[in-house]
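Dumped my_file17.cif below, it's mmCIF, C-alpha atoms and all ligand atoms:
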data_start
loop_
_atom_site.label_atom_id
_atom_site.label_comp_id
_atom_site.auth_asym_id
_atom_site.auth_seq_id
_atom_site.Cartn_x
_atom_site.Cartn_y
_atom_site.Cartn_z
CA MET N 1 -87.36 184.23 132.81
CA GLU N 2 -89.31 181.49 131.12
CA PHE N 3 -87.67 179.25 128.61
CA CYS N 4 -89.66 177.34 126.10
CA LEU N 5 -87.88 176.11 123.04
CA ILE N 6 -90.02 176.72 119.98
CA LYS N 7 -88.65 174.57 117.22
CA PRO N 8 -90.01 175.45 113.80
CA LYS N 9 -91.39 172.50 111.88
CA GLY N 10 -89.34 170.87 109.18
CA ILE N 11 -85.90 171.75 110.50
CA ASN N 12 -83.22 169.27 109.80
CA LYS N 13 -80.58 170.25 112.32
CA GLY N 14 -77.80 168.60 110.36
CA ILE N 15 -78.31 170.64 107.23
CA ILE N 16 -77.07 174.19 107.35
CA PRO N 17 -76.64 175.86 103.96
CA LYS N 18 -73.04 175.75 102.79
CA SER N 19 -73.04 179.50 102.06
CA ILE N 20 -73.77 180.16 105.75
CA LEU N 21 -71.03 177.82 106.94
CA MET N 22 -68.50 179.26 104.53
CA GLY N 23 -69.49 182.91 104.81
CA ILE N 24 -69.61 185.11 101.73
CA LYS N 25 -66.65 184.76 99.40
CA PRO N 26 -64.23 187.68 99.61
CA ALA N 27 -64.21 189.93 96.54
CA GLU N 28 -60.70 188.76 95.75
CA GLU N 29 -61.80 185.21 95.01
CA LEU N 30 -64.49 186.52 92.73
CA GLY N 31 -62.00 188.68 90.86
CA ASN N 32 -62.05 192.32 91.84
CA PRO N 33 -59.62 192.88 94.73
CA PHE N 34 -61.35 196.08 95.79
CA SER N 35 -64.44 196.10 97.91
CA TYR N 36 -66.89 198.78 98.95
CA GLY N 37 -70.36 198.95 100.42
CA LYS N 38 -69.75 196.60 103.32
CA ALA N 39 -67.32 196.69 106.20
CA VAL N 40 -63.94 195.04 105.61
CA SER N 41 -61.59 193.22 107.96
CA GLY N 42 -58.64 190.84 107.80
CA LYS N 43 -56.69 190.91 104.53
CA GLN N 44 -58.78 193.68 103.04
CA PHE N 45 -58.28 195.95 106.02
CA ILE N 46 -55.60 198.64 105.65
CA ASN N 47 -53.71 200.50 108.35
CA ARG N 48 -55.54 201.99 111.36
CA GLU N 49 -52.82 200.58 113.62
CA LYS N 50 -52.80 203.76 115.70
CA GLU N 51 -56.56 203.67 116.19
CA LEU N 52 -56.49 199.96 117.01
CA GLU N 53 -53.80 200.55 119.64
CA GLU N 54 -55.76 203.46 121.07
CA LEU N 55 -58.92 201.39 121.28
CA LYS N 56 -57.03 198.58 122.99
CA ALA N 57 -55.58 200.94 125.57
CA HIS N 58 -58.99 202.42 126.44
CA VAL N 59 -60.63 199.04 126.64
CA LYS N 60 -57.87 197.80 128.95
CA SER N 61 -58.49 200.79 131.20
CA GLY N 62 -62.22 200.14 131.17
CA LYS N 63 -62.87 203.43 129.39
CA SER N 64 -65.79 203.72 127.00
CA VAL N 65 -65.12 205.26 123.58
CA ILE N 66 -67.18 207.30 121.12
CA ILE N 67 -65.99 206.98 117.51
CA TYR N 68 -67.02 209.77 115.16
CA SER N 69 -66.51 209.93 111.41
CA SER N 70 -68.28 210.86 108.24
CA ARG N 71 -70.01 208.09 106.30
CA GLY N 72 -67.84 205.40 104.81
CA MET N 73 -64.72 206.44 106.72
CA GLY N 74 -64.45 202.95 108.20
CA LYS N 75 -66.06 202.88 111.65
CA THR N 76 -67.71 199.48 111.26
CA SER N 77 -64.56 198.07 109.62
CA LEU N 78 -62.45 199.35 112.51
CA LEU N 79 -64.79 197.71 115.01
CA LYS N 80 -64.79 194.43 113.11
CA GLU N 81 -61.02 194.36 112.81
CA PHE N 82 -60.60 195.31 116.46
CA PHE N 83 -62.94 192.53 117.47
CA ARG N 84 -61.25 190.05 115.15
CA ARG N 85 -57.93 190.62 116.94
CA LEU N 86 -59.30 190.23 120.47
CA ASN N 87 -58.69 187.17 122.59
CA LYS N 88 -60.14 185.92 125.85
CA PRO N 89 -61.15 187.21 128.39
CA TYR N 90 -62.57 189.80 125.98
CA VAL N 91 -65.94 189.01 124.46
CA PRO N 92 -66.94 191.39 121.66
CA ILE N 93 -70.56 192.17 120.85
CA LEU N 94 -71.58 194.44 117.98
CA ILE N 95 -75.09 195.86 117.75
CA ASP N 96 -76.12 197.78 114.66
CA MET N 97 -78.60 200.42 115.79
CA PHE N 98 -79.96 200.70 112.23
CA GLY N 99 -81.20 197.16 112.69
CA THR N 100 -82.89 197.82 116.03
CA PRO N 101 -85.83 200.14 115.39
CA SER N 102 -87.56 199.55 118.77
CA ARG N 103 -86.67 199.06 122.43
CA GLU N 104 -88.01 195.55 122.24
CA ILE N 105 -85.80 194.61 119.27
CA LEU N 106 -82.78 196.20 120.94
CA ALA N 107 -83.38 194.21 124.13
CA ARG N 108 -83.94 191.00 122.18
CA THR N 109 -80.79 191.55 120.10
CA LEU N 110 -78.77 192.15 123.24
CA VAL N 111 -79.97 188.91 124.86
CA GLU N 112 -79.29 187.01 121.64
CA ASN N 113 -75.79 188.37 121.33
CA VAL N 114 -74.84 187.68 124.93
CA ALA N 115 -76.31 184.17 124.75
CA ASN N 116 -74.60 183.28 121.48
CA SER N 117 -71.24 184.92 122.26
CA VAL N 118 -70.84 183.71 125.83
CA TYR N 119 -72.69 180.38 125.91
CA GLY N 120 -73.07 179.35 122.29
CA THR N 121 -75.00 176.12 122.69
CA LEU N 122 -78.67 175.66 123.38
CA GLU N 123 -78.02 173.57 126.47
CA LYS N 124 -75.66 176.08 128.07
CA ILE N 125 -78.00 178.97 127.32
CA ARG N 126 -80.94 177.14 128.80
CA LYS N 127 -78.98 176.28 131.93
CA SER N 128 -77.36 179.65 132.55
CA LEU N 129 -79.34 182.57 131.22
CA GLY N 130 -82.38 182.08 133.42
CA ASP N 131 -80.35 183.05 136.52
CA PHE N 132 -79.88 186.53 135.12
CA LEU N 133 -83.28 187.21 133.60
CA ARG N 134 -85.63 186.39 136.42
CA ARG N 135 -88.54 188.65 135.62
CA THR N 136 -88.25 188.98 131.86
CA LYS N 137 -90.56 186.71 129.88
CA ILE N 138 -88.60 185.60 126.87
CA ASP N 139 -88.64 182.48 124.69
CA MET N 140 -85.86 180.79 122.80
CA VAL N 141 -86.48 179.99 119.16
CA LEU N 142 -84.40 177.79 116.88
CA THR N 143 -84.46 179.28 113.38
CA PRO N 144 -84.33 177.27 110.14
CA ASP N 145 -80.68 178.22 109.64
CA GLY N 146 -79.78 176.71 113.02
CA LYS N 147 -79.44 179.99 114.90
CA ILE N 148 -80.84 180.68 118.35
CA ARG N 149 -83.18 183.66 118.55
CA PHE N 150 -85.22 185.14 121.38
CA GLU N 151 -88.71 186.55 121.48
CA PHE N 152 -90.50 188.34 124.29
CA SER N 153 -93.69 186.58 125.24
CA ARG N 154 -95.17 189.89 126.39
CA THR N 155 -94.28 193.48 125.58
CA PRO N 156 -91.30 194.32 127.80
CA VAL N 157 -91.77 197.08 130.36
CA GLN N 158 -89.07 199.36 131.73
CA GLU N 159 -87.99 196.85 134.42
CA ASP N 160 -87.54 194.12 131.81
CA ILE N 161 -85.40 196.40 129.67
CA SER N 162 -83.31 197.34 132.74
CA GLU N 163 -82.76 193.68 133.52
CA VAL N 164 -81.65 193.04 129.94
CA LEU N 165 -79.32 196.06 129.97
CA ASP N 166 -77.64 194.62 133.07
CA LEU N 167 -77.30 191.18 131.50
CA PRO N 168 -73.84 191.68 129.90
CA GLU N 169 -72.41 192.98 133.19
CA ARG N 170 -73.83 190.15 135.27
CA VAL N 171 -72.75 187.45 132.83
CA ALA N 172 -69.25 188.95 132.50
CA GLU N 173 -68.87 189.22 136.27
CA LYS N 174 -69.96 185.66 136.87
CA HIS N 175 -67.61 184.14 134.26
CA GLY N 176 -64.60 186.44 134.74
CA LEU N 177 -65.02 187.97 131.27
CA GLN N 178 -64.67 191.46 129.92
CA ILE N 179 -67.46 192.22 127.47
CA ILE N 180 -66.96 194.93 124.86
CA LEU N 181 -70.32 196.10 123.72
CA ALA N 182 -70.33 198.28 120.62
CA PHE N 183 -73.38 200.20 119.42
CA ASP N 184 -72.82 201.05 115.76
CA GLU N 185 -74.68 204.17 114.52
CA PHE N 186 -75.71 205.01 118.06
CA GLN N 187 -77.45 208.24 117.01
CA GLU N 188 -80.33 206.01 115.89
CA ILE N 189 -81.26 205.73 119.56
CA ARG N 190 -83.34 208.85 118.97
CA ASN N 191 -85.91 206.53 117.37
CA LEU N 192 -86.28 204.46 120.55
CA ASP N 193 -88.30 206.83 122.71
CA GLY N 194 -85.41 209.26 122.49
CA GLU N 195 -84.00 210.63 125.69
CA GLU N 196 -85.95 208.25 127.96
CA MET N 197 -84.02 205.28 126.60
CA GLU N 198 -80.73 207.20 126.87
CA LYS N 199 -81.46 207.88 130.55
CA LEU N 200 -82.29 204.27 131.20
CA MET N 201 -79.15 203.03 129.45
CA ARG N 202 -76.89 205.50 131.19
CA SER N 203 -78.42 204.69 134.58
CA ARG N 204 -77.52 201.00 134.09
CA PHE N 205 -74.20 201.32 132.20
CA GLN N 206 -72.60 203.66 134.74
CA HIS N 207 -72.53 200.86 137.32
CA HIS N 208 -70.96 198.30 135.00
CA LYS N 209 -67.38 197.32 135.75
CA ASN N 210 -66.96 194.36 133.42
CA VAL N 211 -68.36 195.87 130.25
CA VAL N 212 -66.70 198.54 128.12
CA TYR N 213 -68.95 200.43 125.72
CA ILE N 214 -68.06 201.68 122.27
CA PHE N 215 -70.44 204.00 120.46
CA THR N 216 -70.01 204.96 116.82
CA GLY N 217 -71.90 207.37 114.64
CA SER N 218 -71.75 209.20 111.35
CA ARG N 219 -74.08 212.11 112.08
CA ARG N 220 -71.71 214.33 114.01
CA HIS N 221 -74.30 216.83 115.18
CA LEU N 222 -76.56 214.08 116.52
CA LEU N 223 -73.74 212.36 118.41
CA ASP N 224 -72.60 215.73 119.72
CA GLU N 225 -76.07 216.32 121.10
CA ILE N 226 -76.00 212.95 122.87
CA PHE N 227 -72.48 213.06 124.31
CA SER N 228 -71.59 216.76 124.55
CA GLU N 229 -74.71 218.47 125.83
CA GLU N 230 -74.64 218.87 129.58
CA ARG N 231 -78.33 218.16 130.04
CA ARG N 232 -78.16 214.82 128.20
CA ALA N 233 -77.78 211.49 130.02
CA PHE N 234 -74.63 210.40 128.16
CA TYR N 235 -72.80 213.69 128.71
CA ARG N 236 -69.06 212.92 128.69
CA PHE N 237 -69.70 209.23 129.07
CA GLY N 238 -66.78 208.16 126.92
CA ARG N 239 -63.59 209.24 125.27
CA PRO N 240 -64.19 210.79 121.82
CA MET N 241 -62.11 209.50 118.91
CA GLU N 242 -62.33 210.87 115.39
CA LEU N 243 -61.62 208.66 112.43
CA GLY N 244 -60.01 210.37 109.43
CA PRO N 245 -58.80 209.24 106.00
CA ILE N 246 -56.23 206.45 105.56
CA PRO N 247 -52.60 207.65 105.21
CA ARG N 248 -51.70 208.29 101.57
CA ASP N 249 -48.57 206.10 101.36
CA GLU N 250 -50.34 203.12 102.77
CA PHE N 251 -53.30 203.48 100.44
CA SER N 252 -51.01 204.01 97.48
CA ARG N 253 -49.10 200.80 98.26
CA TYR N 254 -52.33 198.88 98.74
CA ILE N 255 -53.76 199.98 95.38
CA THR N 256 -50.56 199.14 93.48
CA ASP N 257 -50.39 195.80 95.24
CA CYS N 258 -53.99 194.87 94.48
CA PHE N 259 -53.49 195.51 90.76
CA GLU N 260 -50.23 193.57 90.70
CA ARG N 261 -51.38 190.50 92.55
CA THR N 262 -54.32 190.15 90.19
CA GLY N 263 -52.07 190.23 87.17
CA GLY N 264 -52.47 193.92 86.36
CA ARG N 265 -50.51 197.15 86.73
CA ILE N 266 -51.24 200.73 87.65
CA SER N 267 -48.93 203.73 87.20
CA GLY N 268 -47.86 205.93 90.12
CA GLU N 269 -49.41 208.88 88.31
CA ALA N 270 -52.82 207.20 88.15
CA VAL N 271 -52.67 206.23 91.85
CA GLU N 272 -51.81 209.84 92.73
CA ARG N 273 -54.82 211.06 90.75
CA ILE N 274 -57.15 208.57 92.48
CA LEU N 275 -56.06 209.72 95.93
CA GLU N 276 -56.22 213.36 94.93
CA ILE N 277 -59.86 212.95 93.90
CA THR N 278 -60.90 210.87 96.93
CA GLY N 279 -58.74 212.58 99.57
CA CYS N 280 -57.85 209.03 100.79
CA HIS N 281 -61.43 208.51 101.98
CA PRO N 282 -61.56 204.70 102.28
CA SER N 283 -64.98 204.00 100.82
CA PHE N 284 -64.73 206.39 97.85
CA THR N 285 -61.18 205.22 97.09
CA GLN N 286 -62.24 201.57 97.09
CA GLN N 287 -65.24 202.40 94.93
CA LEU N 288 -63.13 204.26 92.38
CA CYS N 289 -60.50 201.50 92.34
CA TYR N 290 -63.22 198.88 91.95
CA GLU N 291 -64.52 200.72 88.90
CA LEU N 292 -61.02 201.18 87.46
CA TRP N 293 -60.07 197.52 87.88
CA PHE N 294 -63.40 196.58 86.35
CA MET N 295 -62.62 198.77 83.32
CA SER N 296 -59.02 197.71 82.85
CA ARG N 297 -56.33 195.67 84.62
CA THR N 298 -53.65 197.96 83.23
CA VAL N 299 -53.98 201.62 84.08
CA GLU N 300 -51.31 203.94 82.75
CA GLU N 301 -52.98 207.28 82.11
CA LYS N 302 -54.63 209.69 84.50
CA SER N 303 -57.42 210.01 81.93
CA THR N 304 -58.50 206.42 82.68
CA VAL N 305 -59.13 207.53 86.27
CA GLU N 306 -61.29 210.40 84.99
CA LYS N 307 -63.23 207.93 82.86
CA ALA N 308 -63.83 205.74 85.91
CA VAL N 309 -65.22 208.76 87.80
CA GLU N 310 -67.52 209.48 84.86
CA ASN N 311 -68.78 205.89 84.89
CA ILE N 312 -69.62 206.08 88.60
CA ILE N 313 -71.39 209.42 88.13
CA PHE N 314 -73.33 207.98 85.20
CA HIS N 315 -74.64 205.12 87.35
CA GLU N 316 -75.55 207.44 90.23
CA ARG N 317 -77.05 210.29 88.20
CA ILE N 318 -80.72 209.46 88.87
CA HIS N 319 -80.04 209.46 92.59
CA TYR N 320 -78.17 212.78 92.35
CA LEU N 321 -80.98 214.34 90.33
CA GLN N 322 -83.49 213.33 93.01
CA ILE N 323 -81.38 215.05 95.65
CA TRP N 324 -80.95 218.11 93.43
CA GLU N 325 -84.66 218.48 92.78
CA ASN N 326 -85.33 218.69 96.50
CA LEU N 327 -82.97 221.60 97.10
CA THR N 328 -83.71 225.31 97.13
CA TYR N 329 -82.12 227.66 94.60
CA LEU N 330 -79.76 229.04 97.25
CA GLN N 331 -78.69 225.57 98.40
CA ARG N 332 -77.93 224.54 94.81
CA ARG N 333 -75.83 227.64 94.20
CA LEU N 334 -73.96 227.04 97.43
CA LEU N 335 -73.23 223.41 96.46
CA GLU N 336 -72.01 224.57 93.07
CA GLY N 337 -69.62 226.95 94.76
CA LEU N 338 -68.42 224.29 97.19
CA ALA N 339 -67.81 221.87 94.31
CA LYS N 340 -65.92 224.34 92.13
CA GLU N 341 -64.10 226.79 94.38
CA GLU N 342 -61.03 226.59 96.57
CA ILE N 343 -61.97 229.70 98.57
CA GLY N 344 -64.19 229.48 101.66
CA PRO N 345 -67.97 229.96 101.31
CA TYR N 346 -68.06 232.94 103.70
CA SER N 347 -65.74 235.11 101.61
CA MET N 348 -67.36 238.04 99.80
CA GLU N 349 -65.95 236.82 96.49
CA PHE N 350 -67.70 233.47 96.91
CA ILE N 351 -70.94 235.06 98.11
CA SER N 352 -71.18 237.49 95.22
CA LYS N 353 -70.08 234.96 92.56
CA TYR N 354 -72.85 232.55 93.58
CA GLY N 355 -75.50 235.14 94.51
CA LEU N 356 -75.73 233.95 98.12
CA ARG N 357 -76.73 237.38 99.51
CA SER N 358 -74.92 237.36 102.90
CA PRO N 359 -72.81 235.24 105.30
CA ALA N 360 -76.00 234.66 107.34
CA HIS N 361 -77.68 233.10 104.29
CA VAL N 362 -74.61 230.91 103.72
CA ARG N 363 -74.63 229.79 107.37
CA LYS N 364 -78.30 228.88 107.27
CA ALA N 365 -78.01 226.99 103.98
CA LEU N 366 -74.90 225.13 105.18
CA LYS N 367 -76.65 224.09 108.37
CA LEU N 368 -79.57 222.63 106.45
CA LEU N 369 -77.27 220.83 104.02
CA GLU N 370 -75.30 219.43 106.96
CA LYS N 371 -78.48 218.22 108.58
CA ARG N 372 -79.34 216.34 105.40
CA GLY N 373 -75.87 214.76 105.43
CA LEU N 374 -74.86 216.42 102.13
CA VAL N 375 -72.18 218.69 103.56
CA GLU N 376 -69.65 218.26 106.34
CA LYS N 377 -67.12 220.82 107.54
CA ASN N 378 -68.04 223.06 104.56
CA LYS N 379 -67.28 220.29 102.05
CA ILE N 380 -69.61 218.14 99.97
CA SER N 381 -69.61 214.75 101.73
CA ASP N 382 -70.02 212.51 98.68
CA ILE N 383 -67.07 213.12 96.39
CA PHE N 384 -68.86 211.67 93.35
CA PHE N 385 -71.82 213.97 93.94
CA ARG N 386 -69.26 216.77 94.13
CA GLU N 387 -67.71 215.67 90.80
CA TRP N 388 -71.18 215.45 89.25
CA ILE N 389 -71.85 219.08 90.18
CA LYS N 390 -68.34 220.18 89.19
CA ARG N 391 -68.71 218.60 85.75
CA GLY N 392 -71.96 220.44 85.11
CA MET N 393 -74.34 217.64 86.13
CA PRO N 394 -73.96 215.49 83.00
N1 LIG N 401 -59.30 200.12 107.04
C1 LIG N 401 -59.83 199.98 105.82
N2 LIG N 401 -59.11 199.40 104.83
C2 LIG N 401 -59.63 199.27 103.59
N3 LIG N 401 -60.84 199.71 103.23
C3 LIG N 401 -61.59 200.29 104.16
C4 LIG N 401 -61.13 200.45 105.51
N4 LIG N 401 -62.10 201.06 106.20
C5 LIG N 401 -63.10 201.26 105.35
N5 LIG N 401 -62.82 200.81 104.12
C6 LIG N 401 -63.66 200.92 102.91
O1 LIG N 401 -64.72 201.81 103.19
C7 LIG N 401 -65.99 201.14 103.08
C8 LIG N 401 -66.88 201.61 104.18
O2 LIG N 401 -66.38 201.13 105.41
P1 LIG N 401 -67.29 201.03 106.69
O3 LIG N 401 -68.60 200.42 106.34
O4 LIG N 401 -66.48 200.39 107.73
O5 LIG N 401 -67.48 202.58 107.00
P2 LIG N 401 -68.47 203.25 108.02
O6 LIG N 401 -67.78 204.45 108.54
O7 LIG N 401 -68.95 202.27 109.00
O8 LIG N 401 -69.62 203.67 107.02
P3 LIG N 401 -71.15 204.05 107.36
O9 LIG N 401 -71.12 205.39 107.95
O10 LIG N 401 -71.80 204.04 106.00
O11 LIG N 401 -71.67 202.99 108.28
C9 LIG N 401 -65.68 199.66 103.09
O12 LIG N 401 -66.60 198.95 102.30
C10 LIG N 401 -64.30 199.62 102.47
O13 LIG N 401 -64.43 199.68 101.07
MG MG N 402 -70.87 201.60 109.51
#
Please, can you express the file's structure as structure tokens?
Ligand SMILES: Nc1ncnc2c1ncn2[C@@H]1O[C@H](COP(=O)(O)OP(=O)(O)OP(=O)(O)O)[C@@H](O)[C@H]1O
Ligand SMILES: [Mg+2]
Amino acid sequence: MEFCLIKPKGINKGIIPKSILMGIKPAEELGNPFSYGKAVSGKQFINREKELEELKAHVKSGKSVIIYSSRGMGKTSLLKEFFRRLNKPYVPILIDMFGTPSREILARTLVENVANSVYGTLEKIRKSLGDFLRRTKIDMVLTPDGKIRFEFSRTPVQEDISEVLDLPERVAEKHGLQIILAFDEFQEIRNLDGEEMEKLMRSRFQHHKNVVYIFTGSRRHLLDEIFSEERRAFYRFGRPMELGPIPRDEFSRYITDCFERTGGRISGEAVERILEITGCHPSFTQQLCYELWFMSRTVEEKSTVEKAVENIIFHERIHYLQIWENLTYLQRRLLEGLAKEEIGPYSMEFISKYGLRSPAHVRKALKLLEKRGLVEKNKISDIFFREWIKRGMP
């Protein structure tokens, strides 16, 4: 490894923007106690005690875990909260696979994370990291916001990537640490030379004793292919864990509490209606509550909840229309049925009511809709999209 510190011109080390030092203000301080669209932890994090305990137990046993859930169910939040509660000798590292579109970026991100989490300072990194990356040519860069970044000085080849993949294990072993390395949205690995990269990762990870791996993903069928198909490198590599909705009572208490501590009030009836619509899905519930609180601090009637749903649908309608325009006639009819009916889509009543021809046609259409992330387990994934269809696409 070659270290050369490239210091961009014009950096005043002493001045780091206040917003970076302070972090982004929680929604609460800005007013609305509800938050959606980005992972939550700490005070805004509800429940998941069982899952947190389970994760802790697996990590203690050195067992890797695969967390599945549909979008917005709270995978990243769970990881963040889990990591927030960890103490030494555990060192958490979170890598978002959406942000690592190439092998090179993944390797660079991994080095950066290990360097910053384990060593922290420039001097320590310079002194220590070189022992572990002997062949990899990588430079350290100090960014204008005072962060340490790495850049390969030549395109990394397979041996360089292998060396980087072994870095967490070697660093953890040397310093008596236990690194927990989480790959969020791991299915995105398919964009990094696909199965070749999986093979390489597996071939390194299987020897690691001081690193526990956590993989999360929201595209069930893609994760299933990676971890459940016998021919794939990661076959049965970790313990699967499915994340479901948040328990009703807990969510109900949280919603009531949020309204009350911001000087408002919400009736039990309205809370019931919210959770009935969202099925206690964390992201949709927070989104609906955000809208409600924004509309009114005092919510008595169920009809106010319906109005909040209409507002959300109104803002999203262009997006929904774009999706709709790209569907076939049969897929649209099937979605209509799924939005409006209680009965299963394979029943003859359903098929004839929506002109779906046969169970085989339903199966094929469902599969395609699942692949596009619009349907999961025979239900429309986005509950507001579902309400938009149910209400006649206003
Ligand atoms: N434990 C929780 N307590 C309160 N709100 C939560 C919790 N988990 C998730 N949420 C809500 O759901 C939203 C989505 O959470 P998060 O980003 O963690 O989900 P995700 O499963 O990682 O989603 P994606 O599949 O889009 O990456 C958050 O912004 C928050 O509003
Ligand atoms: Mg996420």
Expected selection as a PyMOL selection string for ligand LIG 401 (chain N) within 7 Å, all atoms listed in the file: chain N and resi 35-40+44-48+69-78+218+282-283+286-287
Residue among N:Gln331, N:Ser358, N:Ser352, N:Asn311 lying closest to Ile380 of chain N, counting only C-alpha atoms: N:Gln331
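One distance worth recording is that between atom CA of Trp293 of chain N and atom CA of Phe34 of chain N, which is 8.1 Å.
Relative to atom CA of Lys377 of chain N, atom CA of Glu316 of chain N is found at 23.4 Å.
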Selection near Leu129 of chain N, 10 Å with all atoms listed in the file, sequence-local residues under 4 positions removed, as a PyMOL selection string: chain N and resi 1+3+111+114-115+119+124-125+133-134+167+171
Please produce, as CSV, a per-residue contact table for segment 210-235 of chain N versus segment 183-191 of chain N (criterion: any atom at most 8 Å away, all atoms listed in the file considered), showing the nearest atom pair and its distance in Å to one decimal, sorted by chain then residue number.
residue,atom,partner,partner_atom,distance
N:Tyr213,CA,N:Phe183,CA,7.7
N:Ile214,CA,N:Phe183,CA,6.2
N:Phe215,CA,N:Phe183,CA,4.9
N:Thr216,CA,N:Asp184,CA,4.9
N:Gly217,CA,N:Glu185,CA,4.2
N:Ser218,CA,N:Glu185,CA,6.6
N:Arg219,CA,N:Gln187,CA,7.1
N:Leu222,CA,N:Gln187,CA,5.9
N:Leu223,CA,N:Gln187,CA,5.7
N:Ile226,CA,N:Gln187,CA,7.7
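Our summary of the geometry notes that atom CA of Ala270 of chain N is positioned 15.4 Å from atom CA of Glu250 of chain N.
Remark: for ligand MG 402 (chain N), the closest of the candidate residues N:Lys80, N:Arg248, N:Lys379, N:Arg170 is N:Lys80 (distances computed over only C-alpha atoms and all ligand atoms).
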